[in-house]
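J.: My questions will all concern the structure given below.
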Amino acid sequence: AYDDNKVEGEVLDLVEVAPEFPGGIPALMKFLAQNVKYPTDAQKAGKQGRVIAQFVVTTDGSVADVKIIRGIDASLDQEAIRVIKAMPQWKPGTQDGQPVNVRYTLPVVFKLQ
């Protein structure tokens, strides 16, 4: 669930319990593998590598404020953003037993076969 609104309240980088994609990291990797569509123009141009994206998992598990902190190519960067916005609701991170907004950094790898 993507929430395009600005994040309400403080955003933490480090919390006691990190936010979790449903099914954990293996499920997250599988989600990326199944949903990333390699842009044709980038494939033709031989562009590949790792796009580093950052987003906030909000107190209700929505993904908000997606941005690219290290991009490769406009079309690959846009595809990374599209896939992140398509992610299902996360289990929010917690601090002192309360759900909090947590900044999350995720590499999205584009590799030509």
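Chain labels run A, B, ... following the order of the structure tokens; each chain numbers its residues from 1, and ligands are numbered from 1 in the order shown.
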Near region 50-57 of chain A, within 9 Å and counting only C-alpha atoms, which residues show up once chain neighbours fewer than 2 positions away are dropped, as number ranges by chain?
T.: A: 7, 11, 19, 48, 59-73, 76-77, 80-81, 84, 89-93, 100-111
J.: Residues of chain A classed as strand (DSSP E) by DSSP on the backbone are to be reported as a ChimeraX atom specification.
T.: /A:2-3,11-12,49-57,63-70,93-95,98-110
J.: If you keep C-alpha atoms, can you produce a file of those selected residues as a PDB file, in the first residue's frame?
T.:
```pdb
ATOM      1  CA  TYR A   2       1.598   3.225  -1.103  1.00  0.00           C
ATOM      2  CA  ASP A   3       0.896   6.465   0.702  1.00  0.00           C
ATOM      3  CA  VAL A  11      11.123   9.209  11.017  1.00  0.00           C
ATOM      4  CA  LEU A  12      13.658   6.953  12.723  1.00  0.00           C
ATOM      5  CA  GLY A  49      23.602  -2.296 -11.833  1.00  0.00           C
ATOM      6  CA  ARG A  50      22.129  -1.464  -8.470  1.00  0.00           C
ATOM      7  CA  VAL A  51      19.649   1.318  -7.832  1.00  0.00           C
ATOM      8  CA  ILE A  52      19.621   2.303  -4.157  1.00  0.00           C
ATOM      9  CA  ALA A  53      16.148   3.380  -3.097  1.00  0.00           C
ATOM     10  CA  GLN A  54      14.993   4.755   0.216  1.00  0.00           C
ATOM     11  CA  PHE A  55      11.485   4.949   1.600  1.00  0.00           C
ATOM     12  CA  VAL A  56       9.609   5.203   4.854  1.00  0.00           C
ATOM     13  CA  VAL A  57       7.551   2.366   6.316  1.00  0.00           C
ATOM     14  CA  VAL A  63       5.261   2.677   2.090  1.00  0.00           C
ATOM     15  CA  ALA A  64       5.736   6.450   1.690  1.00  0.00           C
ATOM     16  CA  ASP A  65       8.249   9.035   0.507  1.00  0.00           C
ATOM     17  CA  VAL A  66      10.076   6.787  -2.013  1.00  0.00           C
ATOM     18  CA  LYS A  67      13.256   8.285  -3.412  1.00  0.00           C
ATOM     19  CA  ILE A  68      16.377   7.156  -5.207  1.00  0.00           C
ATOM     20  CA  ILE A  69      19.576   7.880  -3.307  1.00  0.00           C
ATOM     21  CA  ARG A  70      21.872   6.320  -5.913  1.00  0.00           C
ATOM     22  CA  GLY A  93       8.823  -1.144  12.887  1.00  0.00           C
ATOM     23  CA  THR A  94       8.448  -0.540  16.617  1.00  0.00           C
ATOM     24  CA  GLN A  95      10.222   1.395  19.321  1.00  0.00           C
ATOM     25  CA  GLN A  98       4.848   1.389  19.668  1.00  0.00           C
ATOM     26  CA  PRO A  99       4.720   1.451  15.858  1.00  0.00           C
ATOM     27  CA  VAL A 100       6.989   4.168  14.434  1.00  0.00           C
ATOM     28  CA  ASN A 101       7.936   5.585  11.020  1.00  0.00           C
ATOM     29  CA  VAL A 102      11.164   3.947   9.881  1.00  0.00           C
ATOM     30  CA  ARG A 103      13.444   4.875   6.983  1.00  0.00           C
ATOM     31  CA  TYR A 104      14.364   1.811   4.940  1.00  0.00           C
ATOM     32  CA  THR A 105      17.065   1.536   2.278  1.00  0.00           C
ATOM     33  CA  LEU A 106      16.686  -1.100  -0.411  1.00  0.00           C
ATOM     34  CA  PRO A 107      18.955  -1.960  -3.349  1.00  0.00           C
ATOM     35  CA  VAL A 108      17.103  -2.943  -6.509  1.00  0.00           C
ATOM     36  CA  VAL A 109      19.426  -4.872  -8.822  1.00  0.00           C
ATOM     37  CA  PHE A 110      19.082  -4.746 -12.597  1.00  0.00           C
TER      38      PHE A 110
END
```
J.: Using only C-alpha atoms for the distances, tell me which of A:Ala74, A:Ala45, A:Val17, A:Met87 is nearest to Leu32 (chain A).
T.: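 Residue with the minimum atom-to-atom distance to Leu32 (chain A): A:Met87.
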J.: Restricting the calculation to only C-alpha atoms, which member of A:Thr58, A:Lys85, A:Pro22, A:Ser75 is positioned closest to Glu8 (chain A)?
T.: A:Thr58
J.: Would you give me, as a list in words, the residues in chain A that DSSP reads as alpha helix (DSSP H)?
T.: Gly24, Ile25, Pro26, Ala27, Leu28, Met29, Lys30, Phe31, Leu32, Ala33, Gln34, Asn35, Thr40, Asp41, Ala42, Gln43, Lys44, Ala74, Ser75, Leu76, Asp77, Gln78, Glu79, Ala80, Ile81, Arg82, Val83, Ile84 and Lys85 of chain A
J.: Export N, CA, C and O atoms of the chosen residues as an mmCIF file, in the first residue's frame?
T.:
```cif
data_model
loop_
_atom_site.group_PDB
_atom_site.id
_atom_site.type_symbol
_atom_site.label_atom_id
_atom_site.label_comp_id
_atom_site.auth_asym_id
_atom_site.auth_seq_id
_atom_site.Cartn_x
_atom_site.Cartn_y
_atom_site.Cartn_z
ATOM 1 N N GLY A 24 9.185 -11.708 5.282
ATOM 2 C CA GLY A 24 10.608 -11.455 5.515
ATOM 3 C C GLY A 24 11.396 -11.170 4.243
ATOM 4 O O GLY A 24 10.842 -10.991 3.160
ATOM 5 N N ILE A 25 12.724 -11.128 4.396
ATOM 6 C CA ILE A 25 13.633 -10.769 3.308
ATOM 7 C C ILE A 25 13.510 -11.710 2.093
ATOM 8 O O ILE A 25 13.464 -11.241 0.965
ATOM 9 N N PRO A 26 13.420 -13.047 2.310
ATOM 10 C CA PRO A 26 13.289 -13.922 1.131
ATOM 11 C C PRO A 26 12.042 -13.572 0.297
ATOM 12 O O PRO A 26 12.104 -13.551 -0.927
ATOM 13 N N ALA A 27 10.943 -13.259 0.971
ATOM 14 C CA ALA A 27 9.710 -12.893 0.266
ATOM 15 C C ALA A 27 9.878 -11.554 -0.457
ATOM 16 O O ALA A 27 9.363 -11.362 -1.561
ATOM 17 N N LEU A 28 10.630 -10.637 0.154
ATOM 18 C CA LEU A 28 10.895 -9.339 -0.468
ATOM 19 C C LEU A 28 11.712 -9.523 -1.750
ATOM 20 O O LEU A 28 11.399 -8.951 -2.799
ATOM 21 N N MET A 29 12.756 -10.365 -1.682
ATOM 22 C CA MET A 29 13.597 -10.623 -2.855
ATOM 23 C C MET A 29 12.772 -11.263 -3.976
ATOM 24 O O MET A 29 12.904 -10.932 -5.143
ATOM 25 N N LYS A 30 11.888 -12.194 -3.592
ATOM 26 C CA LYS A 30 11.023 -12.862 -4.559
ATOM 27 C C LYS A 30 10.056 -11.849 -5.188
ATOM 28 O O LYS A 30 9.825 -11.864 -6.395
ATOM 29 N N PHE A 31 9.507 -10.965 -4.364
ATOM 30 C CA PHE A 31 8.592 -9.931 -4.863
ATOM 31 C C PHE A 31 9.292 -9.069 -5.911
ATOM 32 O O PHE A 31 8.756 -8.805 -6.984
ATOM 33 N N LEU A 32 10.520 -8.633 -5.595
ATOM 34 C CA LEU A 32 11.274 -7.807 -6.537
ATOM 35 C C LEU A 32 11.538 -8.576 -7.831
ATOM 36 O O LEU A 32 11.314 -8.060 -8.927
ATOM 37 N N ALA A 33 11.981 -9.836 -7.698
ATOM 38 C CA ALA A 33 12.299 -10.645 -8.877
ATOM 39 C C ALA A 33 11.078 -10.818 -9.778
ATOM 40 O O ALA A 33 11.180 -10.771 -11.000
ATOM 41 N N GLN A 34 9.897 -10.999 -9.174
ATOM 42 C CA GLN A 34 8.682 -11.240 -9.958
ATOM 43 C C GLN A 34 8.070 -9.967 -10.527
ATOM 44 O O GLN A 34 7.321 -10.026 -11.490
ATOM 45 N N ASN A 35 8.360 -8.822 -9.937
ATOM 46 C CA ASN A 35 7.660 -7.600 -10.320
ATOM 47 C C ASN A 35 8.481 -6.573 -11.088
ATOM 48 O O ASN A 35 7.918 -5.698 -11.728
ATOM 49 N N THR A 40 13.002 -1.645 -21.583
ATOM 50 C CA THR A 40 13.600 -2.020 -22.867
ATOM 51 C C THR A 40 14.736 -1.089 -23.284
ATOM 52 O O THR A 40 15.785 -1.550 -23.732
ATOM 53 N N ASP A 41 14.528 0.222 -23.117
ATOM 54 C CA ASP A 41 15.576 1.172 -23.534
ATOM 55 C C ASP A 41 16.865 0.956 -22.741
ATOM 56 O O ASP A 41 17.970 1.032 -23.288
ATOM 57 N N ALA A 42 16.723 0.652 -21.459
ATOM 58 C CA ALA A 42 17.897 0.413 -20.613
ATOM 59 C C ALA A 42 18.586 -0.891 -21.021
ATOM 60 O O ALA A 42 19.816 -0.987 -21.024
ATOM 61 N N GLN A 43 17.779 -1.909 -21.377
ATOM 62 C CA GLN A 43 18.342 -3.179 -21.840
ATOM 63 C C GLN A 43 19.144 -2.961 -23.115
ATOM 64 O O GLN A 43 20.284 -3.399 -23.219
ATOM 65 N N LYS A 44 18.531 -2.256 -24.071
ATOM 66 C CA LYS A 44 19.199 -1.992 -25.361
ATOM 67 C C LYS A 44 20.494 -1.208 -25.158
ATOM 68 O O LYS A 44 21.465 -1.418 -25.872
ATOM 69 N N ALA A 74 17.649 6.988 -15.716
ATOM 70 C CA ALA A 74 16.288 7.456 -15.408
ATOM 71 C C ALA A 74 15.243 6.338 -15.482
ATOM 72 O O ALA A 74 14.414 6.206 -14.591
ATOM 73 N N SER A 75 15.305 5.507 -16.529
ATOM 74 C CA SER A 75 14.267 4.482 -16.665
ATOM 75 C C SER A 75 14.391 3.394 -15.590
ATOM 76 O O SER A 75 13.393 2.890 -15.086
ATOM 77 N N LEU A 76 15.615 3.038 -15.226
ATOM 78 C CA LEU A 76 15.810 2.039 -14.155
ATOM 79 C C LEU A 76 15.378 2.620 -12.811
ATOM 80 O O LEU A 76 14.737 1.939 -12.006
ATOM 81 N N ASP A 77 15.712 3.890 -12.576
ATOM 82 C CA ASP A 77 15.327 4.540 -11.324
ATOM 83 C C ASP A 77 13.798 4.569 -11.201
ATOM 84 O O ASP A 77 13.241 4.247 -10.148
ATOM 85 N N GLN A 78 13.118 4.932 -12.303
ATOM 86 C CA GLN A 78 11.649 4.993 -12.298
ATOM 87 C C GLN A 78 11.034 3.621 -12.046
ATOM 88 O O GLN A 78 10.031 3.508 -11.351
ATOM 89 N N GLU A 79 11.642 2.590 -12.623
ATOM 90 C CA GLU A 79 11.123 1.231 -12.439
ATOM 91 C C GLU A 79 11.279 0.798 -10.979
ATOM 92 O O GLU A 79 10.377 0.191 -10.399
ATOM 93 N N ALA A 80 12.414 1.135 -10.357
ATOM 94 C CA ALA A 80 12.621 0.803 -8.942
ATOM 95 C C ALA A 80 11.536 1.480 -8.094
ATOM 96 O O ALA A 80 10.935 0.857 -7.218
ATOM 97 N N ILE A 81 11.247 2.747 -8.377
ATOM 98 C CA ILE A 81 10.210 3.480 -7.639
ATOM 99 C C ILE A 81 8.843 2.830 -7.855
ATOM 100 O O ILE A 81 8.085 2.615 -6.912
ATOM 101 N N ARG A 82 8.542 2.464 -9.102
ATOM 102 C CA ARG A 82 7.242 1.854 -9.412
ATOM 103 C C ARG A 82 7.033 0.562 -8.606
ATOM 104 O O ARG A 82 5.988 0.348 -8.011
ATOM 105 N N VAL A 83 8.059 -0.288 -8.583
ATOM 106 C CA VAL A 83 7.949 -1.573 -7.892
ATOM 107 C C VAL A 83 7.804 -1.371 -6.383
ATOM 108 O O VAL A 83 7.001 -2.036 -5.737
ATOM 109 N N ILE A 84 8.555 -0.434 -5.830
ATOM 110 C CA ILE A 84 8.459 -0.174 -4.390
ATOM 111 C C ILE A 84 7.060 0.329 -4.033
ATOM 112 O O ILE A 84 6.463 -0.111 -3.053
ATOM 113 N N LYS A 85 6.510 1.210 -4.875
ATOM 114 C CA LYS A 85 5.158 1.721 -4.617
ATOM 115 C C LYS A 85 4.105 0.619 -4.719
ATOM 116 O O LYS A 85 3.029 0.738 -4.154
#
```
